[in-house]
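Each remark here refers to the structure printed beneath this line.
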Amino acid sequence: MEDDQFPQEDIETIAKNAIVGTLGDCAYNAKKVGDWTNSMTDTILKELQGLNRPFKYVVTCNFVQKAGAGMHTASTALWDGKVDGKHTVQWENQTIQCVATVYWLAI
């Protein structure tokens, strides 16, 4: 694989491991969301950085308590679609819905 192409499978694995490692079987707790977000995004960024690829990264994370309502999120960007991109990972347990999005931008 060329240095300017990014394997999305790596992002999927890194993000899911960070989510599960942070949340595990936790129940939703609004007081912990800030800590969860910081932990998860830091973990994802460090793992991506460890891949030593020529990219800058942006990681976002959204949480919502599962209470019968849906969660919708959208994003858009203007970039070079051949080398830049994004990947979204969705995860949920009995009380939490989480969406983590990773953007990578070629240096």
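Letters for chains follow the order of the structure tokens (A, B, ...), residue numbers begin at 1 for each chain, and ligand numbers begin at 1 in the order shown.
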How close does each residue of stretch 17-64 of chain A get to stretch 72-83 of chain A, giving the shortest atom pair and distance in Å to one decimal for every residue with an atom at most 12 Å away, counting only C-alpha atoms, sorted by chain and residue number, as JSON lines?
```
{"residue": "A:Arg53", "atom": "CA", "partner": "A:Val83", "partner_atom": "CA", "distance": 11.7}
{"residue": "A:Pro54", "atom": "CA", "partner": "A:Val83", "partner_atom": "CA", "distance": 10.2}
{"residue": "A:Phe55", "atom": "CA", "partner": "A:Val83", "partner_atom": "CA", "distance": 9.1}
{"residue": "A:Lys56", "atom": "CA", "partner": "A:Val83", "partner_atom": "CA", "distance": 11.4}
{"residue": "A:Thr60", "atom": "CA", "partner": "A:Ser75", "partner_atom": "CA", "distance": 10.8}
{"residue": "A:Cys61", "atom": "CA", "partner": "A:Thr73", "partner_atom": "CA", "distance": 10.7}
{"residue": "A:Asn62", "atom": "CA", "partner": "A:Thr73", "partner_atom": "CA", "distance": 8.8}
{"residue": "A:Phe63", "atom": "CA", "partner": "A:Thr73", "partner_atom": "CA", "distance": 11.0}
{"residue": "A:Val64", "atom": "CA", "partner": "A:His72", "partner_atom": "CA", "distance": 10.3}
```
Would you give me, as an MDAnalysis selection string, the residues in chain A that DSSP reads as helix (DSSP H, G or I)?
chainID A and resid 8:23 30:49
Using C-alpha atoms, can you export the residues from the last selection as a PDB file, in the first residue's frame?
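This is the output file selection.pdb:
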```pdb
ATOM      1  CA  GLN A   8      -9.991   2.110   6.761  1.00  0.00           C
ATOM      2  CA  GLU A   9      -9.915  -1.317   8.440  1.00  0.00           C
ATOM      3  CA  ASP A  10      -7.190   0.034  10.746  1.00  0.00           C
ATOM      4  CA  ILE A  11      -9.429   2.912  11.791  1.00  0.00           C
ATOM      5  CA  GLU A  12     -12.365   0.581  12.420  1.00  0.00           C
ATOM      6  CA  THR A  13     -10.241  -1.637  14.678  1.00  0.00           C
ATOM      7  CA  ILE A  14      -8.573   1.250  16.512  1.00  0.00           C
ATOM      8  CA  ALA A  15     -11.849   3.106  17.122  1.00  0.00           C
ATOM      9  CA  LYS A  16     -13.808   0.037  18.250  1.00  0.00           C
ATOM     10  CA  ASN A  17     -11.023  -1.004  20.628  1.00  0.00           C
ATOM     11  CA  ALA A  18     -10.957   2.512  22.107  1.00  0.00           C
ATOM     12  CA  ILE A  19     -14.742   2.590  22.514  1.00  0.00           C
ATOM     13  CA  VAL A  20     -14.962  -0.836  24.128  1.00  0.00           C
ATOM     14  CA  GLY A  21     -11.887  -0.139  26.261  1.00  0.00           C
ATOM     15  CA  THR A  22     -13.411   3.117  27.497  1.00  0.00           C
ATOM     16  CA  LEU A  23     -17.054   2.135  27.883  1.00  0.00           C
ATOM     17  CA  ALA A  30     -23.946  12.318  31.954  1.00  0.00           C
ATOM     18  CA  LYS A  31     -21.269  13.241  34.495  1.00  0.00           C
ATOM     19  CA  LYS A  32     -18.804  10.804  32.890  1.00  0.00           C
ATOM     20  CA  VAL A  33     -19.358  11.721  29.224  1.00  0.00           C
ATOM     21  CA  GLY A  34     -16.614  14.378  29.224  1.00  0.00           C
ATOM     22  CA  ASP A  35     -14.059  11.943  30.646  1.00  0.00           C
ATOM     23  CA  TRP A  36     -15.167   9.197  28.260  1.00  0.00           C
ATOM     24  CA  THR A  37     -14.851  11.549  25.296  1.00  0.00           C
ATOM     25  CA  ASN A  38     -11.369  12.727  26.297  1.00  0.00           C
ATOM     26  CA  SER A  39     -10.152   9.191  26.961  1.00  0.00           C
ATOM     27  CA  MET A  40     -11.570   7.767  23.756  1.00  0.00           C
ATOM     28  CA  THR A  41     -10.377  10.513  21.422  1.00  0.00           C
ATOM     29  CA  ASP A  42      -6.906  10.553  23.017  1.00  0.00           C
ATOM     30  CA  THR A  43      -6.600   6.775  22.668  1.00  0.00           C
ATOM     31  CA  ILE A  44      -7.673   6.849  19.027  1.00  0.00           C
ATOM     32  CA  LEU A  45      -5.277   9.694  18.173  1.00  0.00           C
ATOM     33  CA  LYS A  46      -2.320   8.002  19.873  1.00  0.00           C
ATOM     34  CA  GLU A  47      -2.998   4.715  18.070  1.00  0.00           C
ATOM     35  CA  LEU A  48      -3.315   6.479  14.705  1.00  0.00           C
ATOM     36  CA  GLN A  49      -0.133   8.430  15.352  1.00  0.00           C
TER      37      GLN A  49
END
```
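You can rank A:Gly50, A:Ala69, A:Tyr28, A:Val58 by their closest distance to A:Ala106 using only C-alpha atoms, and at the top of that list sits A:Val58.
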Would you list, as a count of residues only, the residues of stretch 46-79 of chain A that end up in strand (DSSP E or B) under DSSP run on this structure's backbone?
11
Restricting the calculation to only C-alpha atoms: of A:His87, A:Gln65, A:Leu105, A:Leu51, which residue gets closest to A:Asn29?
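Distance minimum relative to A:Asn29 lands on A:Gln65.
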